[in-house]
file data_23.txt (compact mmCIF, C-alpha atoms)
# COMPACT_ATOMS: atom_id res chain seq x y z
CA MET A 1 -8.25 -33.36 -10.33
CA ASP A 2 -5.11 -31.59 -9.17
CA VAL A 3 -5.53 -27.83 -9.63
CA ILE A 4 -3.00 -25.03 -9.14
CA VAL A 5 -4.36 -21.62 -8.14
CA ILE A 6 -1.99 -18.71 -8.73
CA GLY A 7 -2.75 -15.85 -6.35
CA GLY A 8 -3.36 -15.50 -2.62
CA GLY A 9 -5.74 -12.55 -2.63
CA ILE A 10 -9.48 -12.83 -2.22
CA GLY A 11 -9.83 -14.10 -5.80
CA GLY A 12 -7.31 -16.90 -5.37
CA ILE A 13 -8.38 -18.00 -1.90
CA ALA A 14 -12.08 -17.97 -2.84
CA THR A 15 -11.25 -20.01 -5.94
CA ALA A 16 -9.22 -22.50 -3.91
CA TYR A 17 -12.15 -22.88 -1.49
CA GLN A 18 -14.67 -23.61 -4.23
CA LEU A 19 -12.34 -26.07 -5.95
CA TYR A 20 -11.70 -27.85 -2.65
CA ALA A 21 -15.45 -27.94 -1.94
CA ALA A 22 -15.96 -29.51 -5.38
CA GLY A 23 -13.60 -32.34 -4.45
CA HIS A 24 -10.39 -31.24 -6.19
CA ARG A 25 -6.87 -31.31 -4.75
CA VAL A 26 -5.60 -27.75 -4.65
CA CYS A 27 -2.24 -26.00 -4.40
CA VAL A 28 -2.16 -22.21 -3.98
CA ILE A 29 0.93 -20.28 -5.10
CA GLU A 30 1.40 -16.76 -3.73
CA ARG A 31 4.39 -14.46 -4.22
CA HIS A 32 3.99 -12.71 -0.86
CA ALA A 33 4.93 -14.30 2.47
CA THR A 34 1.26 -14.58 3.40
CA VAL A 35 -2.14 -14.10 1.79
CA ALA A 36 -4.21 -10.92 1.34
CA GLN A 37 -1.16 -8.70 0.85
CA GLY A 38 -1.90 -7.13 -2.54
CA ALA A 39 -5.06 -5.31 -3.61
CA THR A 40 -7.07 -7.34 -1.08
CA TYR A 41 -5.23 -5.69 1.79
CA GLY A 42 -6.49 -2.19 1.03
CA HIS A 43 -10.09 -2.94 0.18
CA GLY A 44 -12.60 -0.34 1.38
CA GLY A 45 -15.22 -2.73 2.74
CA PRO A 46 -18.32 -2.94 0.48
CA ILE A 47 -18.95 -6.58 -0.30
CA LEU A 48 -21.13 -6.52 -3.41
CA PRO A 49 -21.73 -3.82 -6.01
CA SER A 50 -25.17 -2.31 -6.36
CA PRO A 51 -25.98 -0.25 -9.47
CA LEU A 52 -24.70 2.75 -7.49
CA ASP A 53 -21.32 1.14 -6.74
CA VAL A 54 -20.04 -0.19 -10.06
CA TRP A 55 -17.14 1.71 -11.58
CA PHE A 56 -18.97 2.51 -14.80
CA GLY A 57 -22.20 4.23 -15.71
CA PRO A 58 -23.74 7.74 -15.79
CA THR A 59 -22.15 8.90 -12.52
CA PHE A 60 -18.63 7.60 -13.22
CA MET A 61 -15.94 10.00 -14.50
CA GLY A 62 -18.39 12.41 -16.07
CA ALA A 63 -15.73 15.12 -15.97
CA ARG A 64 -11.95 15.28 -16.01
CA SER A 65 -11.64 17.16 -12.70
CA ALA A 66 -10.58 14.96 -9.78
CA ALA A 67 -12.30 17.41 -7.41
CA LYS A 68 -15.59 16.56 -9.14
CA THR A 69 -15.14 12.86 -9.89
CA GLY A 70 -12.70 11.59 -7.25
CA ILE A 71 -10.60 10.06 -10.06
CA VAL A 72 -7.25 11.51 -11.13
CA PHE A 73 -6.97 10.95 -14.89
CA ARG A 74 -3.38 11.36 -16.07
CA PRO A 75 -3.00 9.53 -19.41
CA GLY A 76 -0.28 11.84 -20.72
CA PHE A 77 0.45 10.94 -24.34
CA ASP A 78 -0.49 7.29 -23.81
CA SER A 79 -3.16 6.36 -26.36
CA ALA A 80 -3.98 3.06 -24.63
CA ALA A 81 -5.05 4.83 -21.43
CA ARG A 82 -7.13 7.32 -23.41
CA ASP A 83 -8.81 4.56 -25.43
CA PHE A 84 -9.55 2.65 -22.24
CA ALA A 85 -11.25 5.68 -20.70
CA LYS A 86 -13.26 6.25 -23.90
CA LYS A 87 -14.58 2.69 -23.83
CA LEU A 88 -15.67 3.03 -20.20
CA ALA A 89 -17.29 6.36 -21.07
CA ARG A 90 -19.64 4.60 -23.52
CA LEU A 91 -21.33 3.00 -20.52
CA ARG A 92 -22.36 6.40 -19.18
CA GLU A 93 -25.22 6.27 -21.67
CA PRO A 94 -28.21 5.09 -19.57
CA ASP A 95 -29.35 2.26 -21.87
CA ALA A 96 -25.84 0.86 -22.23
CA PHE A 97 -25.32 1.09 -18.45
CA THR A 98 -28.65 -0.62 -17.73
CA ALA A 99 -27.89 -3.48 -20.12
CA GLN A 100 -24.37 -4.00 -18.74
CA TYR A 101 -25.45 -4.06 -15.11
CA ALA A 102 -28.25 -6.49 -16.00
CA ARG A 103 -25.55 -8.86 -17.32
CA LEU A 104 -23.59 -8.50 -14.09
CA ARG A 105 -26.58 -8.90 -11.76
CA PRO A 106 -26.77 -12.75 -11.81
CA LEU A 107 -23.12 -12.91 -10.73
CA VAL A 108 -23.89 -10.48 -7.89
CA GLU A 109 -26.70 -12.73 -6.67
CA LEU A 110 -24.61 -15.90 -7.01
CA SER A 111 -21.86 -14.17 -5.03
CA ARG A 112 -24.33 -13.23 -2.31
CA ARG A 113 -25.45 -16.87 -1.94
CA VAL A 114 -21.85 -18.12 -1.89
CA ILE A 115 -20.75 -15.67 0.81
CA ASP A 116 -23.83 -16.35 2.95
CA GLU A 117 -23.12 -20.08 2.73
CA ILE A 118 -19.47 -19.67 3.76
CA GLU A 119 -20.37 -17.43 6.71
CA ALA A 120 -23.14 -19.78 7.86
CA THR A 121 -20.99 -22.92 7.50
CA PHE A 122 -17.99 -21.62 9.44
CA GLY A 123 -19.52 -18.91 11.62
CA LEU A 124 -17.04 -16.33 10.38
CA ASP A 125 -16.80 -12.97 12.07
CA CYS A 126 -15.06 -10.58 9.67
CA GLU A 127 -16.34 -7.32 11.17
CA GLN A 128 -19.51 -7.30 9.10
CA ARG A 129 -21.70 -4.21 9.16
CA ARG A 130 -25.13 -3.77 7.52
CA GLY A 131 -26.37 -0.65 5.73
CA VAL A 132 -24.80 1.57 3.05
CA LEU A 133 -25.79 5.20 2.51
CA HIS A 134 -24.92 6.80 -0.84
CA VAL A 135 -24.85 10.59 -0.62
CA PHE A 136 -25.08 13.22 -3.36
CA ARG A 137 -23.93 16.81 -3.01
CA ARG A 138 -25.85 18.45 -5.89
CA PRO A 139 -29.32 17.85 -7.38
CA ARG A 140 -27.73 17.22 -10.79
CA GLU A 141 -25.72 14.34 -9.31
CA LEU A 142 -28.86 12.73 -7.99
CA GLU A 143 -30.45 13.14 -11.41
CA LEU A 144 -27.51 11.37 -13.03
CA ALA A 145 -28.04 8.46 -10.63
CA ALA A 146 -31.64 7.98 -11.78
CA PRO A 147 -30.84 4.96 -14.05
CA ALA A 148 -29.08 3.25 -11.13
CA ILE A 149 -31.98 3.97 -8.77
CA GLU A 150 -34.37 2.58 -11.38
CA LEU A 151 -32.30 -0.62 -11.46
CA LEU A 152 -32.64 -0.87 -7.67
CA ARG A 153 -36.40 -0.83 -8.17
CA ARG A 154 -36.26 -3.25 -11.09
CA PHE A 155 -34.26 -5.83 -9.16
CA GLU A 156 -36.22 -5.23 -5.95
CA VAL A 157 -33.15 -4.21 -3.97
CA PRO A 158 -34.31 -2.84 -0.58
CA HIS A 159 -33.59 0.89 -0.63
CA HIS A 160 -34.95 4.31 0.26
CA VAL A 161 -34.38 7.59 -1.57
CA LEU A 162 -33.82 10.14 1.21
CA SER A 163 -33.77 13.88 1.57
CA ALA A 164 -30.73 15.49 3.20
CA ALA A 165 -32.61 15.74 6.50
CA GLU A 166 -33.59 12.07 6.29
CA CYS A 167 -29.96 11.12 5.57
CA ALA A 168 -28.83 12.97 8.69
CA ALA A 169 -31.57 11.29 10.72
CA ALA A 170 -30.58 7.84 9.45
CA GLU A 171 -26.87 8.47 10.08
CA PRO A 172 -26.28 11.33 12.55
CA SER A 173 -22.59 11.59 11.62
CA VAL A 174 -23.60 13.12 8.28
CA PRO A 175 -23.91 16.93 8.66
CA ASP A 176 -26.90 18.72 7.13
CA ASP A 177 -24.86 21.93 6.74
CA PRO A 178 -23.71 22.72 4.13
CA PRO A 179 -26.88 21.56 2.38
CA PHE A 180 -26.73 18.60 0.01
CA ALA A 181 -29.17 17.00 -2.42
CA GLY A 182 -29.94 13.77 -0.57
CA GLY A 183 -29.04 10.12 -0.67
CA VAL A 184 -30.02 6.51 -1.22
CA MET A 185 -30.04 4.06 1.69
CA LEU A 186 -29.35 0.41 0.85
CA ASP A 187 -30.66 -1.29 3.95
CA ASP A 188 -29.37 -4.82 3.41
CA GLU A 189 -26.05 -4.21 1.67
CA ARG A 190 -23.07 -5.01 3.86
CA THR A 191 -19.44 -4.18 4.41
CA ALA A 192 -16.76 -6.33 5.98
CA ASN A 193 -13.02 -6.69 6.48
CA CYS A 194 -11.85 -8.31 3.24
CA PRO A 195 -8.29 -9.18 4.38
CA LEU A 196 -9.66 -10.79 7.54
CA PHE A 197 -12.21 -12.83 5.56
CA THR A 198 -9.46 -13.97 3.18
CA LYS A 199 -7.12 -15.02 5.99
CA GLN A 200 -9.87 -16.89 7.81
CA LEU A 201 -10.77 -18.78 4.64
CA LYS A 202 -7.10 -19.57 4.04
CA GLN A 203 -6.80 -21.05 7.54
CA ILE A 204 -9.88 -23.22 6.94
CA LEU A 205 -8.34 -24.54 3.73
CA GLU A 206 -4.94 -25.15 5.28
CA ASP A 207 -6.56 -27.12 8.13
CA ARG A 208 -8.22 -29.31 5.51
CA GLY A 209 -5.04 -30.12 3.63
CA VAL A 210 -4.93 -27.54 0.86
CA GLN A 211 -1.28 -26.84 -0.01
CA PHE A 212 0.18 -23.34 0.06
CA ARG A 213 3.43 -22.28 -1.57
CA LEU A 214 3.94 -18.84 -0.05
CA GLY A 215 6.72 -16.44 -0.93
CA ARG A 216 7.11 -18.06 -4.35
CA GLU A 217 6.91 -16.22 -7.66
CA VAL A 218 5.73 -17.93 -10.85
CA ALA A 219 8.34 -18.02 -13.61
CA SER A 220 6.32 -19.72 -16.35
CA LEU A 221 3.33 -21.91 -17.16
CA HIS A 222 3.42 -25.15 -19.15
CA LEU A 223 0.29 -26.46 -20.82
CA ASP A 224 -0.26 -29.41 -23.14
CA ASP A 225 -2.78 -32.15 -23.81
CA ARG A 226 -1.39 -34.31 -21.00
CA GLY A 227 -1.33 -31.83 -18.14
CA ALA A 228 -0.26 -28.49 -16.74
CA ALA A 229 2.69 -27.26 -14.71
CA VAL A 230 4.06 -24.13 -13.08
CA ASP A 231 7.74 -23.34 -12.76
CA LEU A 232 8.62 -21.23 -9.73
CA MET A 233 11.35 -18.64 -9.49
CA PRO A 234 14.48 -19.85 -7.68
CA VAL A 235 14.84 -18.99 -4.01
CA ALA A 236 17.69 -19.54 -1.57
CA GLY A 237 18.60 -23.21 -1.55
CA VAL A 238 16.07 -24.12 -4.26
CA HIS A 239 17.28 -23.78 -7.86
CA TYR A 240 14.41 -25.53 -9.59
CA ASP A 241 10.85 -26.16 -8.52
CA ARG A 242 8.02 -27.34 -10.74
CA VAL A 243 4.44 -27.96 -9.57
CA THR A 244 2.38 -30.23 -11.80
CA ALA A 245 -1.40 -30.49 -12.02
CA ASP A 246 -4.32 -31.18 -14.33
CA ALA A 247 -5.40 -27.51 -14.54
CA ILE A 248 -4.30 -24.01 -13.58
CA VAL A 249 -6.44 -21.08 -12.45
CA VAL A 250 -4.82 -17.65 -12.65
CA ALA A 251 -6.24 -15.30 -10.00
CA ALA A 252 -3.12 -13.20 -9.59
CA GLY A 253 -4.63 -9.73 -9.67
CA ILE A 254 -2.38 -7.28 -11.46
CA GLY A 255 -0.09 -10.14 -12.51
CA THR A 256 -2.83 -11.99 -14.37
CA PRO A 257 -2.47 -10.50 -17.89
CA ALA A 258 1.20 -11.43 -18.20
CA LEU A 259 0.56 -15.01 -17.09
CA VAL A 260 -2.23 -15.67 -19.59
CA SER A 261 -0.81 -13.64 -22.48
CA ARG A 262 0.94 -16.63 -24.06
CA VAL A 263 -2.42 -18.32 -24.48
CA ASN A 264 -4.78 -15.40 -25.09
CA GLY A 265 -2.52 -12.56 -26.18
CA LYS A 266 -2.50 -9.14 -24.57
CA LEU A 267 -5.71 -8.44 -22.67
CA PRO A 268 -7.19 -4.91 -22.73
CA LEU A 269 -7.27 -4.77 -18.93
CA HIS A 270 -5.91 -1.66 -17.31
CA PRO A 271 -4.31 -1.18 -13.89
CA LEU A 272 -6.03 1.35 -11.65
CA ARG A 273 -4.14 2.71 -8.68
CA LEU A 274 -6.37 2.97 -5.59
CA HIS A 275 -5.75 4.41 -2.14
CA SER A 276 -7.06 4.17 1.38
CA LEU A 277 -6.66 5.83 4.75
CA THR A 278 -7.20 3.85 7.94
CA ALA A 279 -7.52 6.24 10.86
CA PRO A 280 -8.38 5.79 14.54
CA ILE A 281 -11.80 7.01 15.61
CA ALA A 282 -11.49 10.53 17.04
CA TYR A 283 -14.88 11.07 18.66
CA GLU A 284 -17.30 8.22 19.13
CA GLU A 285 -20.30 10.54 18.81
CA HIS A 286 -19.15 11.57 15.31
CA ALA A 287 -18.30 8.08 14.03
CA PRO A 288 -20.66 6.54 11.45
CA HIS A 289 -22.58 3.39 12.27
CA ILE A 290 -23.18 2.51 8.63
CA THR A 291 -20.98 2.91 5.57
CA ILE A 292 -21.14 6.28 3.83
CA VAL A 293 -20.31 6.45 0.10
CA ASP A 294 -19.79 9.64 -1.86
CA SER A 295 -21.47 8.13 -4.90
CA ILE A 296 -20.02 10.51 -7.49
CA LYS A 297 -16.44 10.46 -6.20
CA ARG A 298 -16.55 6.73 -5.35
CA ILE A 299 -15.13 7.33 -1.87
CA ALA A 300 -16.32 4.81 0.75
CA MET A 301 -16.09 5.52 4.50
CA THR A 302 -16.47 2.38 6.58
CA ARG A 303 -16.33 1.92 10.34
CA VAL A 304 -14.14 -1.05 11.28
CA ASN A 305 -14.26 -1.41 15.07
CA GLN A 306 -12.29 1.58 16.40
CA ARG A 307 -11.00 2.59 13.00
CA LEU A 308 -12.40 4.38 9.97
CA ARG A 309 -11.31 3.14 6.57
CA VAL A 310 -11.65 5.66 3.74
CA ALA A 311 -11.04 4.20 0.30
CA GLY A 312 -11.08 5.43 -3.28
CA ALA A 313 -9.12 8.22 -5.00
CA GLY A 314 -8.31 6.21 -8.09
CA VAL A 315 -5.51 7.25 -10.41
CA LEU A 316 -5.92 6.25 -14.06
CA GLN A 317 -2.69 6.72 -16.01
CA SER A 318 -0.52 4.88 -18.51
CA GLU A 319 0.38 1.32 -17.62
CA ALA A 320 4.09 2.19 -17.56
CA LYS A 321 3.55 4.99 -15.07
CA THR A 322 1.21 2.88 -12.97
CA LEU A 323 4.05 0.47 -12.29
CA LYS A 324 6.17 3.27 -10.79
CA PRO A 325 5.61 5.09 -7.48
CA LEU A 326 3.42 8.18 -7.61
CA PRO A 327 5.31 11.48 -7.48
CA ALA A 328 5.10 12.92 -3.97
CA ALA A 329 2.95 15.89 -5.02
CA LEU A 330 0.42 13.64 -6.74
CA ALA A 331 0.36 11.23 -3.79
CA ASP A 332 -0.38 14.15 -1.47
CA ARG A 333 -3.19 15.18 -3.79
CA VAL A 334 -4.93 11.80 -3.85
CA PHE A 335 -4.74 11.33 -0.08
CA ALA A 336 -6.09 14.86 0.29
CA LEU A 337 -9.11 13.73 -1.76
CA LEU A 338 -9.78 11.01 0.81
CA GLY A 339 -9.24 13.38 3.70
CA GLN A 340 -11.62 15.90 2.14
CA GLY A 341 -14.25 13.19 1.69
CA THR A 342 -13.99 12.41 5.41
CA HIS A 343 -14.26 16.09 6.30
CA ASP A 344 -17.28 16.56 4.02
CA TRP A 345 -19.36 13.60 5.13
CA VAL A 346 -18.19 12.45 8.59
CA PRO A 347 -16.42 15.50 10.08
CA GLY A 348 -14.68 14.84 13.37
CA ALA A 349 -15.07 11.08 13.07
CA ALA A 350 -11.42 10.14 12.56
CA LYS A 351 -7.90 11.31 13.33
CA VAL A 352 -6.89 11.70 9.71
CA SER A 353 -3.49 13.09 10.71
CA ALA A 354 -2.74 9.72 12.36
CA ALA A 355 -4.04 7.64 9.45
CA ARG A 356 -2.15 4.72 7.96
CA THR A 357 -2.02 5.12 4.19
CA TRP A 358 -2.13 2.40 1.53
CA GLU A 359 -1.94 2.31 -2.22
CA GLY A 360 -2.31 -0.63 -4.55
CA LEU A 361 -3.28 -1.71 -8.04
CA ARG A 362 -6.47 -3.32 -9.25
CA LEU A 363 -7.37 -4.44 -12.74
CA LEU A 364 -10.31 -2.82 -14.46
CA SER A 365 -11.81 -3.99 -17.75
CA PRO A 366 -12.97 -1.61 -20.50
CA ASP A 367 -16.55 -2.85 -20.12
CA GLY A 368 -16.57 -2.82 -16.31
CA LEU A 369 -17.10 -6.58 -15.92
CA PRO A 370 -14.65 -9.15 -14.52
CA VAL A 371 -12.86 -11.77 -16.59
CA VAL A 372 -14.00 -15.20 -15.46
CA GLY A 373 -13.85 -18.61 -17.11
CA ALA A 374 -11.93 -20.69 -19.60
CA THR A 375 -9.12 -19.40 -21.80
CA GLY A 376 -7.75 -20.45 -25.15
CA HIS A 377 -6.31 -23.61 -23.56
CA ALA A 378 -8.57 -26.24 -22.03
CA ARG A 379 -6.39 -26.54 -18.90
CA LEU A 380 -6.10 -22.83 -18.12
CA PHE A 381 -8.77 -20.70 -16.40
CA VAL A 382 -8.85 -17.12 -15.14
CA ASN A 383 -10.60 -15.26 -12.31
CA ALA A 384 -9.60 -11.60 -12.39
CA ALA A 385 -10.44 -7.91 -12.94
CA HIS A 386 -13.28 -7.60 -10.44
CA GLY A 387 -12.46 -3.92 -10.07
CA PRO A 388 -12.87 -1.84 -6.92
CA ALA A 389 -16.62 -2.38 -6.52
CA GLY A 390 -17.07 -5.18 -4.07
CA TRP A 391 -14.73 -8.02 -3.28
CA GLY A 392 -17.66 -10.42 -3.07
CA LEU A 393 -17.72 -10.80 -6.86
CA ALA A 394 -14.52 -12.81 -6.60
CA CYS A 395 -16.39 -15.36 -4.47
CA GLY A 396 -19.20 -15.87 -6.97
CA SER A 397 -16.68 -15.96 -9.80
CA ALA A 398 -14.80 -18.67 -7.90
CA LYS A 399 -17.92 -20.84 -7.92
CA VAL A 400 -18.21 -20.34 -11.69
CA ILE A 401 -14.58 -21.42 -12.10
CA ALA A 402 -15.04 -24.51 -9.92
CA ASP A 403 -18.07 -25.57 -11.95
CA LEU A 404 -16.23 -25.12 -15.24
CA VAL A 405 -13.18 -27.05 -14.01
CA SER A 406 -15.54 -29.81 -12.85
CA GLY A 407 -17.30 -29.95 -16.21
CA LEU A 408 -20.54 -28.51 -14.82
CA THR A 409 -22.75 -25.70 -16.10
CA PRO A 410 -22.44 -22.65 -13.81
CA ASP A 411 -25.60 -21.40 -12.13
CA ILE A 412 -25.78 -18.14 -14.06
CA PRO A 413 -27.51 -17.30 -17.36
CA ALA A 414 -25.68 -17.98 -20.61
CA ASP A 415 -25.56 -14.30 -21.53
CA THR A 416 -23.87 -13.45 -18.22
CA LEU A 417 -21.34 -16.25 -18.69
CA ALA A 418 -20.63 -15.00 -22.21
CA ALA A 419 -20.22 -11.42 -20.92
CA LEU A 420 -17.48 -12.61 -18.54
CA ARG A 421 -15.49 -14.66 -21.05
CA ILE A 422 -11.90 -13.75 -21.78
CA ASP A 423 -12.47 -13.84 -25.54
CA ARG A 424 -15.22 -11.19 -25.48
CA PHE A 425 -12.76 -8.39 -26.15

call {"tool": "encode", "arguments": {"input": "data_23.txt", "output": "structure tokens"}}
result
Amino acid sequence: MDVIVIGGGIGGIATAYQLYAAGHRVCVIERHATVAQGATYGHGGPILPSPLDVWFGPTFMGARSAAKTGIVFRPGFDSAARDFAKKLARLREPDAFTAQYARLRPLVELSRRVIDEIEATFGLDCEQRRGVLHVFRRPRELELAAPAIELLRRFEVPHHVLSAAECAAAEPSVPDDPPFAGGVMLDDERTANCPLFTKQLKQILEDRGVQFRLGREVASLHLDDRGAAVDLMPVAGVHYDRVTADAIVVAAGIGTPALVSRVNGKLPLHPLRLHSLTAPIAYEEHAPHITIVDSIKRIAMTRVNQRLRVAGAGVLQSEAKTLKPLPAALADRVFALLGQGTHDWVPGAAKVSAARTWEGLRLLSPDGLPVVGATGHARLFVNAAHGPAGWGLACGSAKVIADLVSGLTPDIPADTLAALRIDRF
């Protein structure tokens, strides 16, 4: 089959790879001049979400203070943003959280197998690093994480619950003064450079004949019983350009809801503005060797060669405001959250004053799970809303999409597949 993939981030490129591997002819359409320029560019590093990493559950947004949660919640008078936050809040209840993560878990494991296979096949070096340490400032925070730690035990995820002294021994960059409650070490979880992985995979596909239409914006989709097509926005010297195919996969990040709305109506996905600092290492002796995550504030600090990437500081506001630049005072506030996280957990590690800043938008669903699979039209599929917690989910979701396009049953349980469907809302 001929398949169009809309989107050149990790979701789109991973989908194109799996479709190509399944024997389909693929064309990728990306609005930027190259791939990995949207939300993929600013990813913090963690590959797959453990129960401690997902952006829902007992430790997520338990208060409205950004200083306590790491999330700036500014809904204003927008009822949609408030309703979205209320729906996510329902998953703070331990039983609801446990059930929802159990639905996600098979996709996590499929994603792990898919990424391992890609790395082994092509020998990719995307600055991988093993070991993630989640740290907790107060005993109450560690208590709130108990359902997530229990899930680590249930799913036999290698981990150790550590005292503050044991955390400092495992990662000497973490100071034991002021005192903190402790942490959880995930020995086998990894981080990597998501933009680099995406660009390497794109080059592999291009060398094998996959087509790329870069710097082209999608104007409209056309779907009927005979086929599918995408009309592209005019560019200099080209007034009309239509790409035809047998199927379309939308993996366009923040642009996904608008593209599929004609088929499935308005989706209850919400844009979340995220931020990162990438700073040069200041003192080698203070730089972390594993990734440190402030588990309550969802701030990840990852060593990437001679740089430290600090990511998080989400801003949840109305959709209309999300599409506008942050006011300068609020932007200063969110980057100060990241700087404070660095000062708290890896003091002296990075030259924060020389950091390169980034902000971008990611889609988050009201039940914390991605949207993966078929839509209301047999020729249209979607791979989106993986959220901030691990870019690897896009790779497992891509395999699900390729199986569905090929008429195969994906290698995940039926209840997980149903939990990812676009019509679940």

call {"tool": "atom_distance", "arguments": {"input": "data_23.txt", "atom1": "CA of Trp345 (chain A)", "atom2": "CA of Asp294 (chain A)"}}
result
8.0 Å

call {"tool": "closest_residue", "arguments": {"input": "data_23.txt", "among": "A:Arg309, A:Lys399, A:Arg105, A:Arg25", "to": "Ile4 (chain A)", "atoms": "all atoms listed in the file"}}
result
A:Arg25

call {"tool": "closest_residue", "arguments": {"input": "data_23.txt", "among": "A:Val132, A:Leu144, A:Leu205, A:Val161", "to": "Asp187 (chain A)", "atoms": "only C-alpha atoms"}}
result
A:Val132

call {"tool": "residues_around", "arguments": {"input": "data_23.txt", "residues": "Cys395 (chain A)", "least_positions_apart": "4", "cutoff": "10 Å", "atoms": "only C-alpha atoms", "output": "VMD selection string"}}
result
chain A and resid 10 to 15 17 to 18 107 to 108 110 to 115 118 383 391 399 to 401

call {"tool": "residues_around", "arguments": {"input": "data_23.txt", "residues": "Gly314 (chain A)", "least_positions_apart": "5", "cutoff": "6 Å", "atoms": "all atoms listed in the file", "output": "ChimeraX atom specification"}}
result
/A:71,273-274

call {"tool": "residues_near_point", "arguments": {"input": "data_23.txt", "point": "(-7.8, 7.2, -11.3)", "cutoff": "9 Å", "atoms": "all atoms listed in the file", "output": "list in words"}}
result
Ala66, Gly70, Ile71, Val72, Phe73, Arg74, Leu272, Arg273, Leu274, Gly312, Ala313, Gly314, Val315, Leu316 and Gln317 of chain A

call {"tool": "closest_residue", "arguments": {"input": "data_23.txt", "among": "A:Glu285, A:Pro172, A:Gln211, A:Ala67", "to": "Gly341 (chain A)", "atoms": "only C-alpha atoms"}}
result
A:Ala67

call {"tool": "residues_around", "arguments": {"input": "data_23.txt", "residues": "Ala148 (chain A)", "least_positions_apart": "2", "cutoff": "6 Å", "atoms": "all atoms listed in the file", "output": "PyMOL selection string"}}
result
chain A and resi 51-52+145-146+150-151

call {"tool": "atom_distance", "arguments": {"input": "data_23.txt", "atom1": "CA of Arg208 (chain A)", "atom2": "CA of Ala402 (chain A)"}}
result
17.5 Å

call {"tool": "residues_around", "arguments": {"input": "data_23.txt", "residues": "region 268-271 of chain A", "least_positions_apart": "2", "cutoff": "9 Å", "atoms": "only C-alpha atoms", "output": "list of chain:residue names"}}
result
A:Ala80, A:Ala81, A:Phe84, A:Ile254, A:Pro257, A:Lys266, A:Arg273, A:Leu316, A:Gln317, A:Ser318, A:Glu319, A:Thr322, A:Leu323, A:Leu361, A:Arg362, A:Leu363, A:Leu364, A:Ser365, A:Pro366, A:Ala385, A:Phe425
